[in-house]
Amino acid sequence: MSIIQIDNVSHQFGKEKVLKDVDLKIEKGKIYGLLGPSGAGKTTLINMIVGMLRPTKGTIIVDNTKVPSFKVLHKIGFMAQSDALYQELTAWENMEFIGSIYQVKKKILQKKMKEAARAVNLENHLKKPISQFSGGMKRRLSLAISLLHEPRILLLDEPTVGIDPLLRKSIWDEFRKLQQNGVTIVVTTHVMDEADKCDQLALLRDGRIVASGTPLELKKQYQVETIEDVFLKDGGVL
Ligand SMILES: Nc1ncnc2c1ncn2[C@@H]1O[C@H](COP(=O)(O)OP(=O)(O)OP(=O)(O)O)[C@@H](O)[C@H]1O
């Protein structure tokens with residue numbers, strides 16, 4: 001069953017067409033990767049699934065509801081490319097604040113905050129203000145915040161930028177756990193070993209989906225050994 005269905009979607013900023021006739025079906029409980037060179041339209045597509053941008057043409061259905069929709073927003077955990085954190089508040093206060101916006105009950109929120117902080121290995125830094133956080137710590141906190149209201153769908157725009165390989169591995173372990181609980185994850189990435197871990201991939205170029213399938217299917221289609229080579233061959237470099 002598709003939990004996200006994108007039908008013939010185009011988007012235009014002024015005269016610039018940045019997405020062109022995109023069709024995509026994302027199945028419930030899958031980890032779906034969006035790959036593509038800088039400027040290909042990945043962030044624009046994620047922002048439209050969240051409902052922050054409306055398609056100029058076409059429709060996006062999330063969990064049987066056309067977006068933008070407030071009803072759907074509660075089911076989505078979203079992590080944007082730039083971290084939207086309050087610098088003067090501590091990590092704990094940031095989590096409390098966002099959790100309260102999502103109207104998570106106080107007792108449940110306390111439990112969820114501890115779990116989420118543990119999942120991203122930040123439990124010893126929760127009393128620090130964000131102004132004292134490194135780039136990677138901010139990314140990890142943003143990820144923790146996106147999990148607080150137990151979303152059924154996670155939309156993550158480059159979630160592991162600035163995160164070292166050890167932590168990246170533990171974050172991917174967390175993604176697998178969420179997936180086992182039925183959560184659908186859509187992730188944009190430039191990290192090729194991450195792309196290989198996705199169940200399905202879509203390769204975007206110039207606002208179009210130029211290839212999609214499992215990592216193995218893409219490697220076969222491009223007759224190469226690695227996803228990095230799929231990316232390079234598609235860009236005309238190999
Ligand atoms: N608010 C905006 N106004 C005008 N143009 C925009 C806006 N946001 C994005 N664009 C343009 O849309 C195109 C797609 O951008 P987008 O951020 O979706 O790409 P991306 O694939 O996510 O790139 P990256 O990998 O660098 O994050 C780019 O040409 C960009 O300049």
# chains A, B, ... in the order shown; residues from 1 in each chain; ligands from 1
>>> residues_near_ligand(ligand="ligand 1", cutoff="9 Å", atoms="only C-alpha atoms and all ligand atoms", output="ChimeraX atom specification")
/A:11-14,16-19,34-47,81,157-158,188-190,204-207
>>> residues_around(residues="Asn64 (chain A)", least_positions_apart="2", cutoff="12 Å", atoms="only C-alpha atoms", output="VMD selection string")
chain A and resid 1 to 6 28 59 to 62 66 to 67 69 71 to 72 75
>>> residues_around(residues="Glu96 (chain A)", least_positions_apart="6", cutoff="10 Å", atoms="only C-alpha atoms", output="ChimeraX atom specification")
/A:90,102,104,106,109-110,113,145,148
>>> write_last_selection(atoms="N, CA and C atoms", output="mmCIF file, in the first residue's frame")
data_model
loop_
_atom_site.group_PDB
_atom_site.id
_atom_site.type_symbol
_atom_site.label_atom_id
_atom_site.label_comp_id
_atom_site.auth_asym_id
_atom_site.auth_seq_id
_atom_site.Cartn_x
_atom_site.Cartn_y
_atom_site.Cartn_z
ATOM 1 N N THR A 90 18.189 25.483 26.164
ATOM 2 C CA THR A 90 18.968 24.241 26.220
ATOM 3 C C THR A 90 18.333 23.217 25.280
ATOM 4 N N TYR A 102 3.311 20.105 19.567
ATOM 5 C CA TYR A 102 2.623 18.920 19.035
ATOM 6 C C TYR A 102 1.609 18.347 20.021
ATOM 7 N N VAL A 104 1.956 16.825 22.814
ATOM 8 C CA VAL A 104 2.244 15.522 23.414
ATOM 9 C C VAL A 104 2.016 15.669 24.926
ATOM 10 N N LYS A 106 2.306 15.597 28.872
ATOM 11 C CA LYS A 106 3.544 15.879 29.604
ATOM 12 C C LYS A 106 4.314 14.618 30.006
ATOM 13 N N LEU A 109 5.661 12.896 27.038
ATOM 14 C CA LEU A 109 6.721 13.714 26.437
ATOM 15 C C LEU A 109 8.049 13.507 27.167
ATOM 16 N N GLN A 110 8.006 13.491 28.497
ATOM 17 C CA GLN A 110 9.241 13.303 29.270
ATOM 18 C C GLN A 110 9.919 11.983 28.864
ATOM 19 N N MET A 113 11.254 12.215 25.265
ATOM 20 C CA MET A 113 12.456 13.059 25.152
ATOM 21 C C MET A 113 13.692 12.261 25.555
ATOM 22 N N ILE A 145 14.089 15.636 17.897
ATOM 23 C CA ILE A 145 12.849 16.423 17.987
ATOM 24 C C ILE A 145 11.803 15.905 16.992
ATOM 25 N N LEU A 148 9.606 13.051 18.502
ATOM 26 C CA LEU A 148 8.895 13.182 19.787
ATOM 27 C C LEU A 148 7.414 12.822 19.744
#
>>> select_by_dssp(residues="region 181-215 of chain A", states="strand (DSSP E)", output="PyMOL selection string")
chain A and resi 184-188+200-205+208-213
>>> residues_around(residues="Lys128 (chain A)", least_positions_apart="3", cutoff="8 Å", atoms="only C-alpha atoms", output="list in words")
Thr90, Ala91, His125, Gln132 and Phe133 of chain A
>>> write_last_selection(atoms="C-alpha atoms", output="JSON list (two decimals), in the first residue's frame")
[["chain", "number", "residue", "atom", "x", "y", "z"],
["A", 90, "THR", "CA", 18.97, 24.24, 26.22],
["A", 91, "ALA", "CA", 18.55, 21.06, 24.22],
["A", 125, "HIS", "CA", 24.33, 17.24, 26.69],
["A", 132, "GLN", "CA", 27.30, 25.64, 22.61],
["A", 133, "PHE", "CA", 26.37, 22.77, 20.27]]
